[in-house]
file query-v6.cif (mmCIF, C-alpha atoms (C1' of nucleotides))
data_entry
#
loop_
_atom_site.group_PDB
_atom_site.id
_atom_site.type_symbol
_atom_site.label_atom_id
_atom_site.label_comp_id
_atom_site.auth_asym_id
_atom_site.auth_seq_id
_atom_site.Cartn_x
_atom_site.Cartn_y
_atom_site.Cartn_z
ATOM 1 C CA MET A 1 324.201 61.295 58.854
ATOM 2 C CA GLY A 2 323.123 63.471 61.692
ATOM 3 C CA ARG A 3 319.974 63.407 63.740
ATOM 4 C CA LYS A 4 317.323 63.507 61.073
ATOM 5 C CA ALA A 5 315.498 60.259 60.405
ATOM 6 C CA ARG A 6 313.118 59.569 63.238
ATOM 7 C CA VAL A 7 312.686 55.873 62.431
ATOM 8 C CA SER A 8 316.348 55.088 61.831
ATOM 9 C CA THR A 9 317.379 56.910 64.940
ATOM 10 C CA THR A 10 314.900 55.088 67.108
ATOM 11 C CA ILE A 11 315.808 51.721 65.634
ATOM 12 C CA VAL A 12 319.443 52.202 66.537
ATOM 13 C CA ALA A 13 318.505 53.469 69.979
ATOM 14 C CA LEU A 14 316.347 50.405 70.497
ATOM 15 C CA MET A 15 319.138 48.083 69.491
ATOM 16 C CA GLN A 16 321.663 49.864 71.639
ATOM 17 C CA ALA A 17 319.348 49.561 74.595
ATOM 18 C CA GLY A 18 320.061 45.879 74.173
ATOM 19 C CA GLU A 19 316.796 44.529 75.543
ATOM 20 C CA ARG A 20 316.960 42.038 72.787
ATOM 21 C CA HIS A 21 319.670 40.627 70.608
ATOM 22 C CA ALA A 22 318.287 40.082 67.117
ATOM 23 C CA TRP A 23 315.228 41.866 65.784
ATOM 24 C CA THR A 24 312.734 40.935 63.137
ATOM 25 C CA LEU A 25 311.052 43.807 61.334
ATOM 26 C CA GLU A 26 307.954 42.960 63.290
ATOM 27 C CA ALA A 27 309.806 43.124 66.602
ATOM 28 C CA LEU A 28 311.265 46.468 65.599
ATOM 29 C CA GLN A 29 307.840 47.796 64.782
ATOM 30 C CA ALA A 30 306.586 46.675 68.181
ATOM 31 C CA GLY A 31 309.642 48.150 69.837
ATOM 32 C CA LEU A 32 309.218 51.510 68.151
ATOM 33 C CA ALA A 33 305.566 51.580 69.084
ATOM 34 C CA ALA A 34 306.479 50.823 72.679
ATOM 35 C CA ARG A 35 308.764 53.834 72.623
ATOM 36 C CA GLY A 36 305.967 56.017 71.432
ATOM 37 C CA GLU A 37 307.447 56.185 67.946
ATOM 38 C CA PRO A 38 305.122 54.033 65.851
ATOM 39 C CA ALA A 39 306.159 53.671 62.244
ATOM 40 C CA ASP A 40 304.974 51.987 59.104
ATOM 41 C CA PHE A 41 306.404 48.638 58.151
ATOM 42 C CA SER A 42 307.807 50.018 54.927
ATOM 43 C CA SER A 43 309.507 52.861 56.747
ATOM 44 C CA ILE A 44 311.152 50.418 59.118
ATOM 45 C CA PHE A 45 312.090 48.234 56.202
ATOM 46 C CA ARG A 46 313.721 51.089 54.341
ATOM 47 C CA ALA A 47 315.441 52.368 57.440
ATOM 48 C CA THR A 48 316.990 48.964 58.124
ATOM 49 C CA GLU A 49 318.049 48.648 54.506
ATOM 50 C CA LYS A 50 319.837 51.944 54.721
ATOM 51 C CA LEU A 51 321.399 51.212 58.086
ATOM 52 C CA ALA A 52 322.565 47.854 56.780
ATOM 53 C CA ALA A 53 323.969 49.457 53.646
ATOM 54 C CA GLU A 54 326.035 51.859 55.677
ATOM 55 C CA ARG A 55 327.082 48.961 57.883
ATOM 56 C CA THR A 56 325.576 50.326 61.065
ATOM 57 C CA ILE A 57 323.517 47.189 61.457
ATOM 58 C CA ARG A 58 323.717 43.728 59.957
ATOM 59 C CA LYS A 59 320.907 41.798 58.315
ATOM 60 C CA MET A 60 320.685 38.026 58.568
ATOM 61 C CA LEU A 61 318.323 35.425 57.179
ATOM 62 C CA LEU A 62 317.311 32.514 59.305
ATOM 63 C CA GLU A 63 315.892 29.152 58.434
ATOM 64 C CA ASP A 64 312.441 30.393 59.218
ATOM 65 C CA GLY A 65 312.774 32.736 56.280
ATOM 66 C CA ARG A 66 312.538 35.951 58.234
ATOM 67 C CA ALA A 67 315.290 38.537 58.433
ATOM 68 C CA ARG A 68 316.893 39.484 61.753
ATOM 69 C CA TYR A 69 318.795 42.675 62.392
ATOM 70 C CA GLU A 70 321.456 43.459 64.951
ATOM 71 C CA LEU A 71 324.034 46.156 65.566
ATOM 72 C CA ALA A 72 327.101 45.595 63.442
ATOM 73 C CA ASP A 73 329.554 46.290 66.229
ATOM 74 C CA SER A 74 331.460 43.169 67.256
ATOM 75 C CA HIS A 75 331.589 39.998 65.230
ATOM 76 C CA HIS A 76 330.093 36.874 66.725
ATOM 77 C CA ASP A 77 328.024 33.949 65.585
ATOM 78 C CA HIS A 78 324.651 32.650 66.770
ATOM 79 C CA LEU A 79 322.644 29.841 68.194
ATOM 80 C CA HIS A 80 319.083 29.565 66.984
ATOM 81 C CA CYS A 81 317.023 27.916 69.688
ATOM 82 C CA THR A 82 314.785 25.319 68.112
ATOM 83 C CA THR A 83 312.385 25.565 71.020
ATOM 84 C CA CYS A 84 311.832 29.244 71.769
ATOM 85 C CA ASP A 85 313.141 30.539 68.447
ATOM 86 C CA ALA A 86 315.550 32.947 70.146
ATOM 87 C CA LEU A 87 318.759 33.877 68.371
ATOM 88 C CA ILE A 88 321.482 34.219 70.946
ATOM 89 C CA PRO A 89 325.031 35.408 70.299
ATOM 90 C CA VAL A 90 327.961 33.087 70.821
ATOM 91 C CA PRO A 91 331.638 33.880 70.342
ATOM 92 C CA CYS A 92 333.055 33.165 66.918
ATOM 93 C CA VAL A 93 334.757 29.794 66.722
ATOM 94 C CA ILE A 94 336.139 30.159 63.210
ATOM 95 C CA ARG A 95 339.861 30.536 63.554
ATOM 96 C CA ALA A 96 341.489 32.912 61.103
ATOM 97 C CA GLY A 97 343.742 30.110 59.981
ATOM 98 C CA ALA A 98 340.759 28.024 58.961
ATOM 99 C CA SER A 99 339.534 30.378 56.280
ATOM 100 C CA ALA A 100 343.047 31.076 55.147
ATOM 101 C CA ALA A 101 343.507 27.353 54.694
ATOM 102 C CA LEU A 102 340.341 27.124 52.615
ATOM 103 C CA GLU A 103 341.481 29.988 50.429
ATOM 104 C CA ALA A 104 344.766 28.238 49.798
ATOM 105 C CA GLU A 105 343.392 24.719 49.386
ATOM 106 C CA ILE A 106 340.274 25.404 47.375
ATOM 107 C CA GLY A 107 341.201 28.610 45.637
ATOM 108 C CA VAL A 108 338.328 30.679 46.935
ATOM 109 C CA ALA A 109 338.474 34.210 48.314
ATOM 110 C CA ILE A 110 336.622 34.540 51.581
ATOM 111 C CA ASP A 111 335.113 37.835 52.571
ATOM 112 C CA GLU A 112 332.977 36.906 55.548
ATOM 113 C CA HIS A 113 330.896 34.127 56.995
ATOM 114 C CA GLN A 114 327.646 33.448 58.749
ATOM 115 C CA LEU A 115 327.512 30.608 61.211
ATOM 116 C CA VAL A 116 324.328 29.601 62.965
ATOM 117 C CA PHE A 117 324.165 26.726 65.396
ATOM 118 C CA SER A 118 320.826 25.042 65.968
ATOM 119 C CA GLY A 119 319.956 23.662 69.332
ATOM 120 C CA LEU A 120 318.718 24.779 72.713
ATOM 121 C CA CYS A 121 319.450 28.056 74.411
ATOM 122 C CA PRO A 122 320.461 27.950 78.091
ATOM 123 C CA LYS A 123 316.912 28.525 79.260
ATOM 124 C CA CYS A 124 315.233 25.912 77.081
ATOM 125 C CA ARG A 125 318.006 23.463 77.747
ATOM 126 C CA GLY A 126 317.227 23.695 81.413
ATOM 127 C CA ASP A 127 313.467 23.555 80.968
ATOM 128 C CA GLU A 128 313.100 20.842 78.403
ATOM 129 C CA ALA A 129 315.967 18.544 79.170
ATOM 130 C CA PRO A 130 316.687 17.855 82.824
ATOM 131 C CA ARG A 131 318.593 14.818 81.566
ATOM 132 C CA ARG A 132 320.492 14.419 84.760
ATOM 133 C CA ARG A 133 317.791 13.111 87.040
ATOM 134 C CA GLY A 134 316.061 11.141 84.337
ATOM 135 C CA ARG A 135 312.414 12.168 84.044
ATOM 136 C CA SER A 136 310.322 11.408 81.026
ATOM 137 C CA PRO A 137 309.584 14.694 79.175
ATOM 138 C CA ALA A 138 305.951 14.563 80.354
ATOM 139 C CA ARG A 139 305.021 12.367 77.383
ATOM 140 C CA LYS A 140 304.273 13.644 73.891
ATOM 141 C CA MET B 141 309.596 3.783 51.199
ATOM 142 C CA GLY B 142 310.082 1.884 48.019
ATOM 143 C CA ARG B 143 309.790 2.999 44.452
ATOM 144 C CA LYS B 144 306.524 4.849 44.456
ATOM 145 C CA ALA B 145 306.746 8.605 44.153
ATOM 146 C CA ARG B 146 307.827 9.525 40.670
ATOM 147 C CA VAL B 147 308.861 13.073 41.581
ATOM 148 C CA SER B 148 310.738 12.233 44.765
ATOM 149 C CA THR B 149 312.554 9.394 43.073
ATOM 150 C CA THR B 150 313.675 11.540 40.182
ATOM 151 C CA ILE B 151 314.773 14.360 42.471
ATOM 152 C CA VAL B 152 317.054 12.035 44.388
ATOM 153 C CA ALA B 153 318.341 10.513 41.166
ATOM 154 C CA LEU B 154 319.092 13.986 39.851
ATOM 155 C CA MET B 155 320.993 14.932 42.970
ATOM 156 C CA GLN B 156 322.919 11.700 43.021
ATOM 157 C CA ALA B 157 323.934 12.275 39.433
ATOM 158 C CA GLY B 158 325.811 15.190 40.918
ATOM 159 C CA GLU B 159 325.727 17.510 37.918
ATOM 160 C CA ARG B 160 325.123 20.259 40.352
ATOM 161 C CA HIS B 161 325.706 20.788 44.040
ATOM 162 C CA ALA B 162 322.828 22.771 45.477
ATOM 163 C CA TRP B 163 319.442 22.962 43.822
ATOM 164 C CA THR B 164 316.740 25.582 43.990
ATOM 165 C CA LEU B 165 313.186 24.360 43.436
ATOM 166 C CA GLU B 166 313.366 26.000 40.063
ATOM 167 C CA ALA B 167 316.561 24.169 39.139
ATOM 168 C CA LEU B 168 314.977 20.922 40.234
ATOM 169 C CA GLN B 169 311.971 21.578 38.038
ATOM 170 C CA ALA B 170 314.252 22.237 35.095
ATOM 171 C CA GLY B 171 316.260 19.143 35.901
ATOM 172 C CA LEU B 172 313.222 16.927 36.086
ATOM 173 C CA ALA B 173 311.940 18.298 32.823
ATOM 174 C CA ALA B 174 315.296 17.606 31.224
ATOM 175 C CA ARG B 175 314.960 14.005 32.317
ATOM 176 C CA GLY B 176 311.594 13.730 30.692
ATOM 177 C CA GLU B 177 309.838 13.810 34.049
ATOM 178 C CA PRO B 178 308.234 17.247 34.177
ATOM 179 C CA ALA B 179 306.444 18.012 37.404
ATOM 180 C CA ASP B 180 304.465 20.770 38.968
ATOM 181 C CA PHE B 181 306.166 23.211 41.277
ATOM 182 C CA SER B 182 303.967 22.214 44.183
ATOM 183 C CA SER B 183 304.724 18.545 43.647
ATOM 184 C CA ILE B 184 308.426 19.267 43.705
ATOM 185 C CA PHE B 185 307.956 21.432 46.748
ATOM 186 C CA ARG B 186 306.081 18.734 48.621
ATOM 187 C CA ALA B 187 308.534 16.063 47.553
ATOM 188 C CA THR B 188 311.492 18.063 48.855
ATOM 189 C CA GLU B 189 309.673 18.776 52.107
ATOM 190 C CA LYS B 190 309.116 15.088 52.609
ATOM 191 C CA LEU B 191 312.642 14.132 51.622
ATOM 192 C CA ALA B 192 313.991 16.777 53.968
ATOM 193 C CA ALA B 193 311.733 15.574 56.780
ATOM 194 C CA GLU B 194 313.071 12.055 56.434
ATOM 195 C CA ARG B 195 316.575 13.486 56.275
ATOM 196 C CA THR B 196 317.331 12.206 52.810
ATOM 197 C CA ILE B 197 318.097 15.708 51.667
ATOM 198 C CA ARG B 198 318.873 18.943 53.457
ATOM 199 C CA LYS B 199 317.194 22.299 52.922
ATOM 200 C CA MET B 200 319.120 25.542 53.314
ATOM 201 C CA LEU B 201 318.191 29.195 53.048
ATOM 202 C CA LEU B 202 320.589 31.600 51.484
ATOM 203 C CA GLU B 203 320.881 35.335 51.740
ATOM 204 C CA ASP B 204 319.046 35.675 48.479
ATOM 205 C CA GLY B 205 316.016 34.262 50.210
ATOM 206 C CA ARG B 206 315.676 31.148 48.091
ATOM 207 C CA ALA B 207 315.960 27.629 49.432
ATOM 208 C CA ARG B 208 318.644 25.248 48.176
ATOM 209 C CA TYR B 209 318.509 21.495 48.493
ATOM 210 C CA GLU B 210 321.297 18.946 48.540
ATOM 211 C CA LEU B 211 321.742 15.306 49.471
ATOM 212 C CA ALA B 212 322.143 14.888 53.205
ATOM 213 C CA ASP B 213 324.994 12.426 52.918
ATOM 214 C CA SER B 214 328.267 13.924 54.116
ATOM 215 C CA HIS B 215 328.503 17.041 56.207
ATOM 216 C CA HIS B 216 330.295 20.030 54.777
ATOM 217 C CA ASP B 217 329.831 23.759 54.692
ATOM 218 C CA HIS B 218 329.552 26.187 51.795
ATOM 219 C CA LEU B 219 330.894 29.208 50.041
ATOM 220 C CA HIS B 220 328.344 31.423 48.375
ATOM 221 C CA CYS B 221 329.996 33.204 45.484
ATOM 222 C CA THR B 222 328.973 36.833 45.525
ATOM 223 C CA THR B 223 329.680 37.113 41.818
ATOM 224 C CA CYS B 224 328.141 34.081 40.115
ATOM 225 C CA ASP B 225 325.835 33.121 42.959
ATOM 226 C CA ALA B 226 327.112 29.534 43.023
ATOM 227 C CA LEU B 227 327.054 27.608 46.270
ATOM 228 C CA ILE B 228 330.106 25.411 46.408
ATOM 229 C CA PRO B 229 330.898 22.849 49.090
ATOM 230 C CA VAL B 230 333.907 23.295 51.331
ATOM 231 C CA PRO B 231 335.108 20.969 54.080
ATOM 232 C CA CYS B 232 333.777 21.700 57.538
ATOM 233 C CA VAL B 233 336.157 23.759 59.618
ATOM 234 C CA ILE B 234 334.218 23.587 62.885
ATOM 235 C CA ARG B 235 336.185 21.363 65.179
ATOM 236 C CA ALA B 236 334.145 19.111 67.433
ATOM 237 C CA GLY B 237 335.870 20.654 70.407
ATOM 238 C CA ALA B 238 334.633 24.092 69.461
ATOM 239 C CA SER B 239 330.956 23.299 69.850
ATOM 240 C CA ALA B 240 331.632 21.248 72.947
ATOM 241 C CA ALA B 241 333.337 24.279 74.421
ATOM 242 C CA LEU B 242 330.349 26.461 73.625
ATOM 243 C CA GLU B 243 328.000 23.984 75.236
ATOM 244 C CA ALA B 244 330.086 24.019 78.387
ATOM 245 C CA GLU B 245 330.784 27.756 78.507
ATOM 246 C CA ILE B 246 327.426 29.141 77.465
ATOM 247 C CA GLY B 247 325.127 26.373 78.562
ATOM 248 C CA VAL B 248 323.565 25.704 75.188
ATOM 249 C CA ALA B 249 322.925 22.348 73.570
ATOM 250 C CA ILE B 250 324.132 22.209 69.994
ATOM 251 C CA ASP B 251 322.465 19.932 67.516
ATOM 252 C CA GLU B 252 323.918 21.098 64.232
ATOM 253 C CA HIS B 253 325.208 24.135 62.418
ATOM 254 C CA GLN B 254 325.095 25.872 59.104
ATOM 255 C CA LEU B 255 328.119 27.821 57.993
ATOM 256 C CA VAL B 256 328.191 29.796 54.796
ATOM 257 C CA PHE B 257 331.212 31.752 53.684
ATOM 258 C CA SER B 258 330.710 34.647 51.308
ATOM 259 C CA GLY B 259 333.306 35.466 48.752
ATOM 260 C CA LEU B 260 334.522 34.358 45.363
ATOM 261 C CA CYS B 261 334.520 30.841 43.996
ATOM 262 C CA PRO B 262 337.706 29.623 42.288
ATOM 263 C CA LYS B 263 336.426 30.587 38.852
ATOM 264 C CA CYS B 264 335.275 34.084 39.726
ATOM 265 C CA ARG B 265 338.345 34.688 41.796
ATOM 266 C CA GLY B 266 340.429 34.067 38.728
ATOM 267 C CA ASP B 267 338.234 36.108 36.403
ATOM 268 C CA GLU B 268 337.481 39.121 38.497
ATOM 269 C CA ALA B 269 340.576 39.554 40.581
ATOM 270 C CA PRO B 270 343.902 39.224 38.783
ATOM 271 C CA ARG B 271 345.327 41.178 41.710
ATOM 272 C CA ARG B 272 348.815 40.112 40.952
ATOM 273 C CA ARG B 273 349.513 42.295 37.935
ATOM 274 C CA GLY B 274 347.697 45.307 39.309
ATOM 275 C CA ARG B 275 345.066 46.544 36.873
ATOM 276 C CA SER B 276 342.242 48.823 37.835
ATOM 277 C CA PRO B 277 338.978 46.808 37.860
ATOM 278 C CA ALA B 278 337.876 48.478 34.622
ATOM 279 C CA ARG B 279 336.145 51.168 36.642
ATOM 280 C CA LYS B 280 332.693 50.748 38.180
ATOM 281 C "C1'" DC C 281 289.716 -0.318 46.679
ATOM 282 C "C1'" DT C 282 292.675 3.238 49.456
ATOM 283 C "C1'" DA C 283 296.068 6.044 50.708
ATOM 284 C "C1'" DA C 284 299.949 8.452 48.788
ATOM 285 C "C1'" DG C 285 301.306 11.385 45.110
ATOM 286 C "C1'" DT C 286 300.108 14.958 41.601
ATOM 287 C "C1'" DG C 287 298.516 19.065 39.037
ATOM 288 C "C1'" DC C 288 296.153 23.469 39.011
ATOM 289 C "C1'" DA C 289 294.546 27.348 40.983
ATOM 290 C "C1'" DA C 290 294.212 30.220 44.792
ATOM 291 C "C1'" DA C 291 296.085 31.746 49.259
ATOM 292 C "C1'" DT C 292 300.043 33.146 52.247
ATOM 293 C "C1'" DC C 293 303.976 35.506 53.942
ATOM 294 C "C1'" DA C 294 307.455 38.482 54.233
ATOM 295 C "C1'" DT C 295 308.977 41.791 52.129
ATOM 296 C "C1'" DT C 296 309.474 45.487 48.234
ATOM 297 C "C1'" DT C 297 308.187 49.295 45.434
ATOM 298 C "C1'" DG C 298 305.421 53.431 43.558
ATOM 299 C "C1'" DC C 299 303.816 57.724 44.902
ATOM 300 C "C1'" DA C 300 302.392 61.734 47.026
ATOM 301 C "C1'" DA C 301 302.486 64.159 51.407
ATOM 302 C "C1'" DC C 302 305.892 65.702 54.991
ATOM 303 C "C1'" DC C 303 309.618 67.888 57.336
ATOM 304 C "C1'" DA C 304 314.411 69.100 58.908
ATOM 305 C "C1'" DG C 305 317.920 72.072 57.317
ATOM 306 C "C1'" DC D 306 312.742 75.603 48.657
ATOM 307 C "C1'" DT D 307 314.607 70.560 48.424
ATOM 308 C "C1'" DG D 308 316.141 66.232 49.079
ATOM 309 C "C1'" DG D 309 315.674 62.706 52.457
ATOM 310 C "C1'" DT D 310 311.700 60.433 55.127
ATOM 311 C "C1'" DT D 311 307.260 58.587 55.765
ATOM 312 C "C1'" DG D 312 302.729 56.376 55.296
ATOM 313 C "C1'" DC D 313 299.516 53.908 52.467
ATOM 314 C "C1'" DA D 314 298.366 51.013 49.032
ATOM 315 C "C1'" DA D 315 299.524 47.935 45.574
ATOM 316 C "C1'" DA D 316 303.052 44.753 43.565
ATOM 317 C "C1'" DT D 317 306.370 40.995 44.066
ATOM 318 C "C1'" DG D 318 308.625 36.549 44.553
ATOM 319 C "C1'" DA D 319 308.862 32.374 46.588
ATOM 320 C "C1'" DT D 320 306.626 29.332 48.556
ATOM 321 C "C1'" DT D 321 302.364 26.910 50.693
ATOM 322 C "C1'" DT D 322 297.811 25.080 50.814
ATOM 323 C "C1'" DG D 323 293.035 23.344 49.258
ATOM 324 C "C1'" DC D 324 290.936 20.179 46.459
ATOM 325 C "C1'" DA D 325 289.861 16.866 43.105
ATOM 326 C "C1'" DC D 326 291.952 13.526 40.091
ATOM 327 C "C1'" DT D 327 295.454 9.672 39.461
ATOM 328 C "C1'" DT D 328 297.856 5.696 40.386
ATOM 329 C "C1'" DA D 329 300.916 2.371 42.784
ATOM 330 C "C1'" DG D 330 300.229 -1.497 45.563
#
call {"tool": "encode", "arguments": {"input": "query-v6.cif", "output": "structure tokens"}}
result
Amino acid sequence: MGRKARVSTTIVALMQAGERHAWTLEALQAGLAARGEPADFSSIFRATEKLAAERTIRKMLLEDGRARYELADSHHDHLHCTTCDALIPVPCVIRAGASAALEAEIGVAIDEHQLVFSGLCPKCRGDEAPRRRGRSPARK
Amino acid sequence: MGRKARVSTTIVALMQAGERHAWTLEALQAGLAARGEPADFSSIFRATEKLAAERTIRKMLLEDGRARYELADSHHDHLHCTTCDALIPVPCVIRAGASAALEAEIGVAIDEHQLVFSGLCPKCRGDEAPRRRGRSPARK
DNA sequence: CTAAGTGCAAATCATTTGCAACCAG
DNA sequence: CTGGTTGCAAATGATTTGCACTTAG
């Protein structure tokens, strides 16, 4: 678990740097290259699989069919911007009582959840929808 | 919009019959065949894309990387059983106020959400986890 | 007739996997 | 040495797309 794997180590370092919130394998490859640590796609893939298995990072699948990875530190949910495709973190709004209620009412056993809102991130909301002073969205 | 497309029509009929809750393309193909309306995978694929585009049905991606389709009538969330892989519907636990709060606090614009709980469905919970009378899970 | 719907085959896409060369311990 | 890592190439699995043929209207 020490300081051996070059790829794994750099991936975690990249994520901890926090320049970005959720990474696709492609983004990770670009990020590693930018750090002067280029690696093969399969190596990155295997490194993320291992990191996810040991719960260091978390793997998520989005509607666009591509996996995103993020540090598995604090729990939170996400907003997937339908305009710029960014995945931004938002605080979890699932109250503990809610899942407990489901377990009792429906008889299921809940382990975890994944909640993804779809909409506009702060930036795109401002750009694309200046609702307030009514302006047509530049037609089309 | 009438009664033209054989495949689309049968897909909706199948879903409305409600023998199943979420369908994979493969399940749909099997279902159509069972109804004496066999169709090609690509035809089913294109039919679901169209139905989803016109909001008649909803398309979802699960962790296993395969799309599931369901009627887009009432909103609800899901529980993905980690044992039998079933996707069962559960009432939505996201209160309207929760998303409104996020929009105000974070500056996002929320359109919709997809929430999937992971755990055990009622059946598997009963089979696999008779916690009550403590028995070791038959090792491994 | 004419566009929408279909079937078949081939192309894509995003991983995944097999293997042999490498490298830290 | 020796098992964990890597890179490269080839294999997968699940769609997606191109094209020509059908068919509802």
call {"tool": "interface_residues", "arguments": {"input": "query-v6.cif", "of": "chain B", "to": "chain A", "cutoff": "10 Å", "atoms": "only C-alpha atoms", "output": "NGL selection string"}}
result
:B and (199-207 or 217-222 or 228-235 or 237-239 or 241-243 or 245-266 or 269)
call {"tool": "resolve_selection", "arguments": {"input": "query-v6.cif", "expression": "the PyMOL selection byres ((chain C and resi 294) around 10)", "output": "list in words"}}
result
Leu25, Gly65, Arg66 and Ala67 of chain A; DT292, DC293, DT295 and DT296 of chain C; DG318 and DA319 of chain D
call {"tool": "write_last_selection", "arguments": {"input": "query-v6.cif", "atoms": "C-alpha atoms (C1' of nucleotides)", "output": "PDB file, keeping the file's coordinate frame"}}
result
ATOM      1  CA  LEU A  25     311.052  43.807  61.334  1.00  0.00           C
ATOM      2  CA  GLY A  65     312.774  32.736  56.280  1.00  0.00           C
ATOM      3  CA  ARG A  66     312.538  35.951  58.234  1.00  0.00           C
ATOM      4  CA  ALA A  67     315.290  38.537  58.433  1.00  0.00           C
TER       5      ALA A  67
ATOM      6  C1'  DT C 292     300.043  33.146  52.247  1.00  0.00           C
ATOM      7  C1'  DC C 293     303.976  35.506  53.942  1.00  0.00           C
ATOM      8  C1'  DT C 295     308.977  41.791  52.129  1.00  0.00           C
ATOM      9  C1'  DT C 296     309.474  45.487  48.234  1.00  0.00           C
TER      10       DT C 296
ATOM     11  C1'  DG D 318     308.625  36.549  44.553  1.00  0.00           C
ATOM     12  C1'  DA D 319     308.862  32.374  46.588  1.00  0.00           C
TER      13       DA D 319
END
call {"tool": "resolve_selection", "arguments": {"input": "query-v6.cif", "expression": "the PyMOL selection byres ((chain D) within 7 of (chain A))", "output": "ChimeraX atom specification"}}
result
/D:310-312
call {"tool": "atom_distance", "arguments": {"input": "query-v6.cif", "atom1": "atom CA of B:Arg175", "atom2": "atom CA of B:Ile151"}}
result
10.2 Å
call {"tool": "calpha_fit_rmsd", "arguments": {"input": "query-v6.cif", "fixed": "chain A", "moving": "chain B"}}
result
0.4 Å
call {"tool": "atom_distance", "arguments": {"input": "query-v6.cif", "atom1": "atom CA of A:His21", "atom2": "atom CA of A:Ala53"}}
result
19.6 Å
call {"tool": "atom_distance", "arguments": {"input": "query-v6.cif", "atom1": "atom CA of B:Gly176", "atom2": "atom C1' of D:DT320"}}
result
24.2 Å
call {"tool": "closest_residue", "arguments": {"input": "query-v6.cif", "among": "A:Thr24, A:Thr9, A:Gln29, A:Gln16", "to": "chain C", "atoms": "all atoms listed in the file"}}
result
A:Thr24
call {"tool": "interface_residues", "arguments": {"input": "query-v6.cif", "of": "chain C", "to": "chain B", "cutoff": "7 Å", "atoms": "all atoms listed in the file", "output": "list in words"}}
result
DG285, DT286 and DG287 of chain C
call {"tool": "closest_residue", "arguments": {"input": "query-v6.cif", "among": "B:Leu227, B:Val152, B:Leu172, B:Ala236", "to": "B:Ile197", "atoms": "all atoms listed in the file"}}
result
B:Val152
call {"tool": "closest_residue", "arguments": {"input": "query-v6.cif", "among": "B:Asp213, B:Ala153, B:Arg208, B:Phe185", "to": "D:DT322", "atoms": "only C-alpha atoms (C1' of nucleotides)"}}
result
B:Phe185
